Amino acid sequence: MTFEIISVGTELLLGSILNTNAQYLSRALSELGFDVYYTTAVGDNSGRLRAALEAASKRADAVITTGGLGPTEDDLTKETIAEFCNLRCVMDEKSLRRIEERFSSGHMYMPKSNMKQAELPEGCIILENDNGTAPGAVVESGGKIFIMLPGPPSEMKPMFESKVKPYLRKFSSGVIRSKTVKVFGLGESAVDEMLGDLIKSSKNPSVAPYAKPGQVELRITAKADTDDKARAMIEPVYKKICEILGDKVYGTGIDNSLEKTAVEALIKRGLSVTCAESCTGGMVAQKITSVPGASECFLGGVVTYSNSEKMRLLGVRAETLERYGAVSEQTALEMSAGARAAAGADIAVSTTGIAGPGGGTDEKPVGLVYVSVCSESCHKAIKLNLTGGRDAVRERASLHALDLIRREAT
């Protein structure tokens with residue numbers, strides 16, 4: 001069974017909001033064993049939406065729309081789909097009462113325009129909205145299925161999970177499961193070369209690399225009759241990838257990150273960490289503290305942008321700065337050692353570099369960064385020649401600092 005997703009809303013075309021609904025639905029449908037070959041975004045225009053429906057109904061067995069279920073005149077999804085299926089929109093009294101109760105429970109006045117949200121295609125399956133006023137609907141017509149969901153993700157996702165998933169399971173002939181493998185320290189081409197035939201010959205499970213800023217993700221995907229069988233097919237492939245890439249693999253899961261992995265490793269071993277940052281300007285600390293529970297391991301950090309602050313707060317020697325410069329291996333080493341001593345931390349990292357766009361020389365070009373780690377058993381600095389704009393250089397330098405923490409804490 002194939003699906004097409006149509007995201008309705010002029011704000012999507014203007015770039016005012018990200019289309020996270022299509023991303024979520026594509027993943028959720030894949031996990032249920034359905035194929036999604038096309039996604040479309042269309043503005044709040046009945047004619048263009050109808051054209052999108054005509055194209056989608058020729059290409060797919062089922063169409064899911066998000067958005068256009070609101071109370072205003074430009075919310076036209078239900079009406080357009082009803083017309084497309086030669087149906088009338090009729091008032092559903094139960095849905096109307098739910099909308100009225102939602103307003104009254106919040107002690108709010110209900111505009112008459114909200115009554116429009118209770119007008120639904122006749123004969124449809126009504127999807128109650130537990131998080132908003134707009135009910136969804138399922139229309140089965142002409143051998144096709146049209147599923148209408150609200151636009152706000154806070155309403156769309158719960159409705160899909162609680163109402164649509166149970167409806168769709170009767171059509172599913174299997175399951176598709178994926179495992180995301182996170183890799184840091186290797187580019188996409190290097191990963192592709194190292195894994196070689198494992199990627200090229202993979203069918204079921206398949207292995208596909210995806211380049212991310214500063215890192216690579218590998219998606220292992222298997223299709224099977226049951227969830228257990230699919231996961232069992234994935235596991236040996238995952239183990240093989242780990243054997244080949246070694247400690248370049250730092251974790252699994254779509255929502256995993258270097259900072260999350262580093263913090264979890266620190267907490268597991270009961271270690272503390274601090275950071276001293278120059279070119280990254282606090283990005284390392286920000287990433288660490290974005291992880292829930294980071295207070296168990298993160299003592300604090302400093303941003304020492306000027307040479308005087310490097311000397312005053314971290315004890316970097318004037319002769320080091322004069323001889324080697326602020327952007328140097330020696331300065332990075334003294335920064336991490338000084339930060340560790342000042343905070344009394346088990347591990348400290350430091351960053352110093354030239355993020356650009358100006359400030360570079362032939363000897364020290366833009367993108368030159370030194371990242372250092374200092375612990376009881378290790379004190380080293382790595383030299384990086386990073387590419388991209390200022391933000392990209394700072395982001396990648398921060399990731400390298402987190403990777404050093406991860407390795408020391410593991």
# chains A, B, ... in the order shown; residues from 1 in each chain; ligands from 1
call {"tool": "residues_around", "arguments": {"residues": "Leu258 (chain A)", "least_positions_apart": "2", "cutoff": "8 Å", "atoms": "only C-alpha atoms", "output": "list in words"}}
result
Tyr250, Asn256, Lys260, Thr261, Ala262, Leu399, Leu402, Asp403 and Arg406 of chain A
call {"tool": "write_last_selection", "arguments": {"atoms": "N, CA and C atoms", "output": "PDB file, in the first residue's frame"}}
result
ATOM      1  N   TYR A 250      29.502   6.383  17.779  1.00  0.00           N
ATOM      2  CA  TYR A 250      29.311   6.877  19.147  1.00  0.00           C
ATOM      3  C   TYR A 250      27.925   6.595  19.718  1.00  0.00           C
ATOM      4  N   ASN A 256      19.688  10.671  19.268  1.00  0.00           N
ATOM      5  CA  ASN A 256      20.953  10.664  19.997  1.00  0.00           C
ATOM      6  C   ASN A 256      21.864  11.765  19.457  1.00  0.00           C
ATOM      7  N   LYS A 260      24.678  14.220  24.196  1.00  0.00           N
ATOM      8  CA  LYS A 260      23.919  13.280  25.018  1.00  0.00           C
ATOM      9  C   LYS A 260      24.777  12.067  25.368  1.00  0.00           C
ATOM     10  N   THR A 261      25.506  11.558  24.397  1.00  0.00           N
ATOM     11  CA  THR A 261      26.385  10.417  24.631  1.00  0.00           C
ATOM     12  C   THR A 261      27.465  10.771  25.643  1.00  0.00           C
ATOM     13  N   ALA A 262      28.062  11.962  25.493  1.00  0.00           N
ATOM     14  CA  ALA A 262      29.122  12.385  26.406  1.00  0.00           C
ATOM     15  C   ALA A 262      28.598  12.541  27.830  1.00  0.00           C
ATOM     16  N   LEU A 399      31.765  20.043  18.292  1.00  0.00           N
ATOM     17  CA  LEU A 399      31.546  18.603  18.205  1.00  0.00           C
ATOM     18  C   LEU A 399      32.821  17.820  18.513  1.00  0.00           C
ATOM     19  N   LEU A 402      33.282  17.739  22.225  1.00  0.00           N
ATOM     20  CA  LEU A 402      32.373  16.766  22.842  1.00  0.00           C
ATOM     21  C   LEU A 402      32.852  15.338  22.596  1.00  0.00           C
ATOM     22  N   ASP A 403      33.410  15.103  21.412  1.00  0.00           N
ATOM     23  CA  ASP A 403      33.914  13.775  21.112  1.00  0.00           C
ATOM     24  C   ASP A 403      35.095  13.418  21.999  1.00  0.00           C
ATOM     25  N   ARG A 406      33.655  12.470  25.268  1.00  0.00           N
ATOM     26  CA  ARG A 406      33.071  11.125  25.179  1.00  0.00           C
ATOM     27  C   ARG A 406      34.138  10.044  25.290  1.00  0.00           C
TER      28      ARG A 406
END
call {"tool": "closest_atom_pairs", "arguments": {"of": "region 282-343 of chain A", "to": "region 385-397 of chain A", "cutoff": "12 Å", "atoms": "only C-alpha atoms", "output": "JSON lines"}}
result
{"residue": "A:Gly282", "atom": "CA", "partner": "A:Arg394", "partner_atom": "CA", "distance": 9.9}
{"residue": "A:Met283", "atom": "CA", "partner": "A:Glu395", "partner_atom": "CA", "distance": 7.5}
{"residue": "A:Val284", "atom": "CA", "partner": "A:Ala397", "partner_atom": "CA", "distance": 8.7}
{"residue": "A:Gln286", "atom": "CA", "partner": "A:Glu395", "partner_atom": "CA", "distance": 11.3}
{"residue": "A:Lys287", "atom": "CA", "partner": "A:Glu395", "partner_atom": "CA", "distance": 10.1}
call {"tool": "write_last_selection", "arguments": {"atoms": "C-alpha atoms", "output": "short mmCIF file (atom, residue, chain, number, x, y, z; two decimals), in the first residue's frame"}}
result
data_model
loop_
_atom_site.label_atom_id
_atom_site.label_comp_id
_atom_site.auth_asym_id
_atom_site.auth_seq_id
_atom_site.Cartn_x
_atom_site.Cartn_y
_atom_site.Cartn_z
CA GLY A 282 30.23 28.94 24.86
CA MET A 283 28.80 26.48 22.30
CA VAL A 284 30.36 23.48 24.04
CA GLN A 286 25.48 25.17 25.66
CA LYS A 287 25.40 21.74 24.06
#
call {"tool": "select_by_dssp", "arguments": {"residues": "region 233-365 of chain A", "states": "strand (DSSP E or B)", "output": "list in words"}}
result
Val249, Tyr250, Gly251, Thr252, Val273, Thr274, Cys275, Ala276, Glu277, Phe298, Leu299, Gly300, Gly301, Val302, Val303, Ile347, Ala348, Val349, Ser350, Thr351, Thr352 and Gly353 of chain A
call {"tool": "closest_residue", "arguments": {"among": "A:Ser46, A:Ser113, A:Thr274, A:Thr66", "to": "Pro153 (chain A)", "atoms": "only C-alpha atoms"}}
result
A:Thr66
call {"tool": "atom_distance", "arguments": {"atom1": "CA of Leu313 (chain A)", "atom2": "CA of Leu368 (chain A)"}}
result
23.4 Å
call {"tool": "residues_around", "arguments": {"residues": "Ala222 (chain A)", "least_positions_apart": "6", "cutoff": "9 Å", "atoms": "only C-alpha atoms", "output": "NGL selection string"}}
result
:A and (175-179 or 203-206 or 229-231 or 233-234)
call {"tool": "residues_around", "arguments": {"residues": "Glu119 (chain A)", "least_positions_apart": "2", "cutoff": "12 Å", "atoms": "only C-alpha atoms", "output": "PyMOL selection string"}}
result
chain A and resi 69-71+76-79+82+87-96+99+113-117+121-124+126+134-137
call {"tool": "residues_around", "arguments": {"residues": "region 9-18 of chain A", "least_positions_apart": "6", "cutoff": "8 Å", "atoms": "only C-alpha atoms", "output": "PyMOL selection string"}}
result
chain A and resi 41-44+67-68
call {"tool": "select_by_dssp", "arguments": {"residues": "region 115-319 of chain A", "states": "helix (DSSP H, G or I)", "output": "PyMOL selection string"}}
result
chain A and resi 115-118+153-171+188-195+197-200+227-248+258-269+283-289+294-296+307-314+318-319
call {"tool": "write_last_selection", "arguments": {"atoms": "C-alpha atoms", "output": "compact mmCIF listing (two decimals), in the first residue's frame"}}
result
# COMPACT_ATOMS: atom_id res chain seq x y z
CA MET A 115 -18.69 25.87 13.97
CA LYS A 116 -17.20 25.31 10.51
CA GLN A 117 -14.73 22.86 12.03
CA ALA A 118 -17.58 20.50 12.91
CA PRO A 153 2.20 19.12 15.17
CA SER A 154 0.95 19.16 18.77
CA GLU A 155 -2.46 18.09 17.43
CA MET A 156 -1.44 16.09 14.37
CA LYS A 157 1.00 13.69 16.07
CA PRO A 158 -1.30 12.57 18.91
CA MET A 159 -4.18 12.13 16.47
CA PHE A 160 -2.07 9.99 14.17
CA GLU A 161 -0.73 7.89 17.03
CA SER A 162 -4.04 7.28 18.80
CA LYS A 163 -6.56 7.32 15.93
CA VAL A 164 -4.88 6.75 12.57
CA LYS A 165 -2.37 4.05 13.48
CA PRO A 166 -5.06 1.63 14.74
CA TYR A 167 -7.07 2.29 11.58
CA LEU A 168 -4.09 1.63 9.28
CA ARG A 169 -2.83 -1.56 10.92
CA LYS A 170 -5.50 -3.63 9.16
CA PHE A 171 -3.91 -2.66 5.82
CA GLU A 188 30.58 10.33 4.14
CA SER A 189 33.01 9.25 1.42
CA ALA A 190 35.36 7.67 3.97
CA VAL A 191 32.48 5.76 5.56
CA ASP A 192 31.31 4.63 2.14
CA GLU A 193 34.80 3.41 1.29
CA MET A 194 35.32 1.58 4.58
CA LEU A 195 31.97 -0.19 4.46
CA ASP A 197 30.17 -3.89 -0.29
CA LEU A 198 28.15 -3.77 2.92
CA ILE A 199 26.41 -0.67 1.57
CA LYS A 200 26.43 -1.56 -2.14
CA ASP A 227 8.78 -6.38 14.56
CA ASP A 228 10.97 -9.01 16.24
CA LYS A 229 12.07 -10.48 12.90
CA ALA A 230 12.94 -7.06 11.51
CA ARG A 231 15.02 -6.16 14.56
CA ALA A 232 16.77 -9.53 14.44
CA MET A 233 17.75 -8.89 10.81
CA ILE A 234 19.22 -5.50 11.71
CA GLU A 235 21.40 -6.56 14.63
CA PRO A 236 24.16 -8.52 12.80
CA VAL A 237 24.53 -5.70 10.27
CA TYR A 238 24.87 -3.19 13.10
CA LYS A 239 27.55 -5.31 14.79
CA LYS A 240 29.47 -5.58 11.50
CA ILE A 241 29.41 -1.80 11.07
CA CYS A 242 30.75 -1.35 14.62
CA GLU A 243 33.54 -3.85 13.91
CA ILE A 244 34.64 -1.92 10.84
CA LEU A 245 34.25 1.65 12.10
CA GLY A 246 35.28 0.99 15.71
CA ASP A 247 35.08 3.89 18.14
CA LYS A 248 34.02 6.24 15.35
CA LEU A 258 27.38 13.61 20.80
CA GLU A 259 26.48 15.80 23.76
CA LYS A 260 23.92 13.28 25.02
CA THR A 261 26.39 10.42 24.63
CA ALA A 262 29.12 12.39 26.41
CA VAL A 263 26.89 13.41 29.31
CA GLU A 264 25.55 9.89 29.78
CA ALA A 265 29.09 8.49 29.80
CA LEU A 266 30.21 11.06 32.39
CA ILE A 267 27.26 10.36 34.66
CA LYS A 268 27.68 6.61 34.35
CA ARG A 269 31.28 6.85 35.56
CA MET A 283 28.80 26.48 22.30
CA VAL A 284 30.36 23.48 24.04
CA ALA A 285 28.81 24.48 27.37
CA GLN A 286 25.48 25.17 25.66
CA LYS A 287 25.40 21.74 24.06
CA ILE A 288 26.28 20.00 27.32
CA THR A 289 23.65 21.87 29.31
CA ALA A 294 23.81 17.55 32.78
CA SER A 295 23.98 19.19 36.21
CA GLU A 296 25.17 15.84 37.56
CA ASN A 307 44.60 36.88 25.83
CA SER A 308 44.27 38.74 29.13
CA GLU A 309 41.35 36.52 30.18
CA LYS A 310 43.21 33.38 29.13
CA MET A 311 46.00 34.44 31.47
CA ARG A 312 43.80 35.70 34.31
CA LEU A 313 41.24 32.88 34.48
CA LEU A 314 43.17 29.92 33.12
CA ALA A 318 52.31 35.26 28.68
CA GLU A 319 55.38 33.73 27.10
call {"tool": "atom_distance", "arguments": {"atom1": "CA of Thr331 (chain A)", "atom2": "CA of Val366 (chain A)"}}
result
17.4 Å
call {"tool": "atom_distance", "arguments": {"atom1": "CA of Gln330 (chain A)", "atom2": "CA of Lys383 (chain A)"}}
result
11.0 Å
call {"tool": "closest_residue", "arguments": {"among": "A:Val302, A:Ile145, A:Ile354, A:Leu29", "to": "Ala56 (chain A)", "atoms": "only C-alpha atoms"}}
result
A:Ile145
call {"tool": "decode", "arguments": {"residues": "region 280-403 of chain A", "atoms": "C-alpha atoms", "output": "PDB file, in the first residue's frame"}}
result
ATOM      1  CA  THR A 280      33.371  28.473  20.133  1.00  0.00           C
ATOM      2  CA  GLY A 281      32.181  31.203  22.510  1.00  0.00           C
ATOM      3  CA  GLY A 282      30.231  28.939  24.860  1.00  0.00           C
ATOM      4  CA  MET A 283      28.802  26.482  22.305  1.00  0.00           C
ATOM      5  CA  VAL A 284      30.360  23.475  24.044  1.00  0.00           C
ATOM      6  CA  ALA A 285      28.809  24.481  27.369  1.00  0.00           C
ATOM      7  CA  GLN A 286      25.481  25.168  25.665  1.00  0.00           C
ATOM      8  CA  LYS A 287      25.405  21.745  24.057  1.00  0.00           C
ATOM      9  CA  ILE A 288      26.283  20.002  27.315  1.00  0.00           C
ATOM     10  CA  THR A 289      23.648  21.870  29.314  1.00  0.00           C
ATOM     11  CA  SER A 290      20.994  21.150  26.666  1.00  0.00           C
ATOM     12  CA  VAL A 291      21.036  17.533  27.859  1.00  0.00           C
ATOM     13  CA  PRO A 292      18.652  16.808  30.763  1.00  0.00           C
ATOM     14  CA  GLY A 293      20.619  15.764  33.835  1.00  0.00           C
ATOM     15  CA  ALA A 294      23.813  17.554  32.777  1.00  0.00           C
ATOM     16  CA  SER A 295      23.981  19.190  36.214  1.00  0.00           C
ATOM     17  CA  GLU A 296      25.171  15.836  37.556  1.00  0.00           C
ATOM     18  CA  CYS A 297      28.454  16.154  35.659  1.00  0.00           C
ATOM     19  CA  PHE A 298      28.944  19.704  34.359  1.00  0.00           C
ATOM     20  CA  LEU A 299      30.629  22.052  36.822  1.00  0.00           C
ATOM     21  CA  GLY A 300      30.683  25.117  34.590  1.00  0.00           C
ATOM     22  CA  GLY A 301      32.823  26.758  31.969  1.00  0.00           C
ATOM     23  CA  VAL A 302      34.470  29.973  30.884  1.00  0.00           C
ATOM     24  CA  VAL A 303      34.719  31.892  27.630  1.00  0.00           C
ATOM     25  CA  THR A 304      38.175  33.449  27.460  1.00  0.00           C
ATOM     26  CA  TYR A 305      38.192  35.360  24.214  1.00  0.00           C
ATOM     27  CA  SER A 306      41.022  37.753  24.963  1.00  0.00           C
ATOM     28  CA  ASN A 307      44.595  36.880  25.833  1.00  0.00           C
ATOM     29  CA  SER A 308      44.273  38.737  29.129  1.00  0.00           C
ATOM     30  CA  GLU A 309      41.348  36.515  30.180  1.00  0.00           C
ATOM     31  CA  LYS A 310      43.212  33.382  29.130  1.00  0.00           C
ATOM     32  CA  MET A 311      46.002  34.441  31.473  1.00  0.00           C
ATOM     33  CA  ARG A 312      43.798  35.702  34.311  1.00  0.00           C
ATOM     34  CA  LEU A 313      41.242  32.883  34.480  1.00  0.00           C
ATOM     35  CA  LEU A 314      43.174  29.920  33.115  1.00  0.00           C
ATOM     36  CA  GLY A 315      46.775  30.651  33.957  1.00  0.00           C
ATOM     37  CA  VAL A 316      47.941  30.612  30.345  1.00  0.00           C
ATOM     38  CA  ARG A 317      51.506  31.980  30.373  1.00  0.00           C
ATOM     39  CA  ALA A 318      52.307  35.257  28.680  1.00  0.00           C
ATOM     40  CA  GLU A 319      55.385  33.734  27.098  1.00  0.00           C
ATOM     41  CA  THR A 320      53.245  30.969  25.541  1.00  0.00           C
ATOM     42  CA  LEU A 321      50.922  33.511  23.945  1.00  0.00           C
ATOM     43  CA  GLU A 322      53.809  35.654  22.786  1.00  0.00           C
ATOM     44  CA  ARG A 323      55.811  32.783  21.313  1.00  0.00           C
ATOM     45  CA  TYR A 324      53.091  30.558  19.854  1.00  0.00           C
ATOM     46  CA  GLY A 325      50.008  32.785  19.695  1.00  0.00           C
ATOM     47  CA  ALA A 326      46.485  32.351  21.033  1.00  0.00           C
ATOM     48  CA  VAL A 327      45.679  29.868  18.281  1.00  0.00           C
ATOM     49  CA  SER A 328      48.204  27.157  18.964  1.00  0.00           C
ATOM     50  CA  GLU A 329      48.564  23.693  20.390  1.00  0.00           C
ATOM     51  CA  GLN A 330      50.488  25.039  23.361  1.00  0.00           C
ATOM     52  CA  THR A 331      47.790  27.569  24.272  1.00  0.00           C
ATOM     53  CA  ALA A 332      45.044  24.977  23.924  1.00  0.00           C
ATOM     54  CA  LEU A 333      46.934  22.630  26.250  1.00  0.00           C
ATOM     55  CA  GLU A 334      47.426  25.315  28.889  1.00  0.00           C
ATOM     56  CA  MET A 335      43.777  26.359  28.611  1.00  0.00           C
ATOM     57  CA  SER A 336      42.474  22.831  29.309  1.00  0.00           C
ATOM     58  CA  ALA A 337      44.944  22.278  32.149  1.00  0.00           C
ATOM     59  CA  GLY A 338      44.077  25.625  33.700  1.00  0.00           C
ATOM     60  CA  ALA A 339      40.335  24.995  33.409  1.00  0.00           C
ATOM     61  CA  ARG A 340      40.633  21.576  35.039  1.00  0.00           C
ATOM     62  CA  ALA A 341      42.682  22.955  37.924  1.00  0.00           C
ATOM     63  CA  ALA A 342      40.399  25.962  38.461  1.00  0.00           C
ATOM     64  CA  ALA A 343      37.199  23.905  38.520  1.00  0.00           C
ATOM     65  CA  GLY A 344      38.584  20.778  40.146  1.00  0.00           C
ATOM     66  CA  ALA A 345      37.045  18.717  37.361  1.00  0.00           C
ATOM     67  CA  ASP A 346      37.934  15.220  36.261  1.00  0.00           C
ATOM     68  CA  ILE A 347      37.951  16.269  32.597  1.00  0.00           C
ATOM     69  CA  ALA A 348      38.394  19.618  30.895  1.00  0.00           C
ATOM     70  CA  VAL A 349      38.258  20.604  27.233  1.00  0.00           C
ATOM     71  CA  SER A 350      39.378  23.788  25.539  1.00  0.00           C
ATOM     72  CA  THR A 351      38.933  25.348  22.101  1.00  0.00           C
ATOM     73  CA  THR A 352      40.916  28.071  20.379  1.00  0.00           C
ATOM     74  CA  GLY A 353      40.899  28.909  16.697  1.00  0.00           C
ATOM     75  CA  ILE A 354      40.105  31.244  13.817  1.00  0.00           C
ATOM     76  CA  ALA A 355      36.420  30.960  12.900  1.00  0.00           C
ATOM     77  CA  GLY A 356      36.530  33.736  10.298  1.00  0.00           C
ATOM     78  CA  PRO A 357      35.592  35.233   8.029  1.00  0.00           C
ATOM     79  CA  GLY A 358      38.602  37.448   8.797  1.00  0.00           C
ATOM     80  CA  GLY A 359      41.667  37.003  10.948  1.00  0.00           C
ATOM     81  CA  GLY A 360      43.395  34.290   8.955  1.00  0.00           C
ATOM     82  CA  THR A 361      46.945  34.313   7.631  1.00  0.00           C
ATOM     83  CA  ASP A 362      48.971  32.036   5.377  1.00  0.00           C
ATOM     84  CA  GLU A 363      50.456  30.411   8.465  1.00  0.00           C
ATOM     85  CA  LYS A 364      47.188  30.281  10.374  1.00  0.00           C
ATOM     86  CA  PRO A 365      44.260  30.260   7.942  1.00  0.00           C
ATOM     87  CA  VAL A 366      40.581  30.606   8.728  1.00  0.00           C
ATOM     88  CA  GLY A 367      39.311  27.265   9.983  1.00  0.00           C
ATOM     89  CA  LEU A 368      42.427  26.425  11.986  1.00  0.00           C
ATOM     90  CA  VAL A 369      41.283  25.203  15.402  1.00  0.00           C
ATOM     91  CA  TYR A 370      42.976  23.453  18.294  1.00  0.00           C
ATOM     92  CA  VAL A 371      40.894  21.414  20.710  1.00  0.00           C
ATOM     93  CA  SER A 372      42.461  20.039  23.869  1.00  0.00           C
ATOM     94  CA  VAL A 373      41.387  17.602  26.566  1.00  0.00           C
ATOM     95  CA  CYS A 374      42.922  17.264  29.999  1.00  0.00           C
ATOM     96  CA  SER A 375      42.266  14.464  32.496  1.00  0.00           C
ATOM     97  CA  GLU A 376      44.214  12.449  35.025  1.00  0.00           C
ATOM     98  CA  SER A 377      45.445  10.056  32.334  1.00  0.00           C
ATOM     99  CA  CYS A 378      45.433  12.212  29.206  1.00  0.00           C
ATOM    100  CA  HIS A 379      46.562  15.670  28.170  1.00  0.00           C
ATOM    101  CA  LYS A 380      46.578  16.298  24.450  1.00  0.00           C
ATOM    102  CA  ALA A 381      45.489  18.678  21.734  1.00  0.00           C
ATOM    103  CA  ILE A 382      44.264  17.978  18.222  1.00  0.00           C
ATOM    104  CA  LYS A 383      44.743  20.260  15.230  1.00  0.00           C
ATOM    105  CA  LEU A 384      41.779  20.803  12.933  1.00  0.00           C
ATOM    106  CA  ASN A 385      41.547  22.482   9.552  1.00  0.00           C
ATOM    107  CA  LEU A 386      37.824  23.060   9.256  1.00  0.00           C
ATOM    108  CA  THR A 387      35.945  24.337   6.224  1.00  0.00           C
ATOM    109  CA  GLY A 388      32.776  26.345   5.826  1.00  0.00           C
ATOM    110  CA  GLY A 389      31.573  29.638   7.229  1.00  0.00           C
ATOM    111  CA  ARG A 390      31.984  30.973  10.736  1.00  0.00           C
ATOM    112  CA  ASP A 391      29.018  29.067  12.160  1.00  0.00           C
ATOM    113  CA  ALA A 392      30.140  25.799  10.560  1.00  0.00           C
ATOM    114  CA  VAL A 393      33.671  26.126  11.967  1.00  0.00           C
ATOM    115  CA  ARG A 394      32.382  26.841  15.478  1.00  0.00           C
ATOM    116  CA  GLU A 395      29.832  24.017  15.308  1.00  0.00           C
ATOM    117  CA  ARG A 396      32.366  21.426  14.175  1.00  0.00           C
ATOM    118  CA  ALA A 397      34.945  22.551  16.719  1.00  0.00           C
ATOM    119  CA  SER A 398      32.324  22.099  19.443  1.00  0.00           C
ATOM    120  CA  LEU A 399      31.546  18.603  18.205  1.00  0.00           C
ATOM    121  CA  HIS A 400      35.216  17.651  18.337  1.00  0.00           C
ATOM    122  CA  ALA A 401      35.392  18.884  21.929  1.00  0.00           C
ATOM    123  CA  LEU A 402      32.373  16.766  22.842  1.00  0.00           C
ATOM    124  CA  ASP A 403      33.914  13.775  21.112  1.00  0.00           C
TER     125      ASP A 403
END
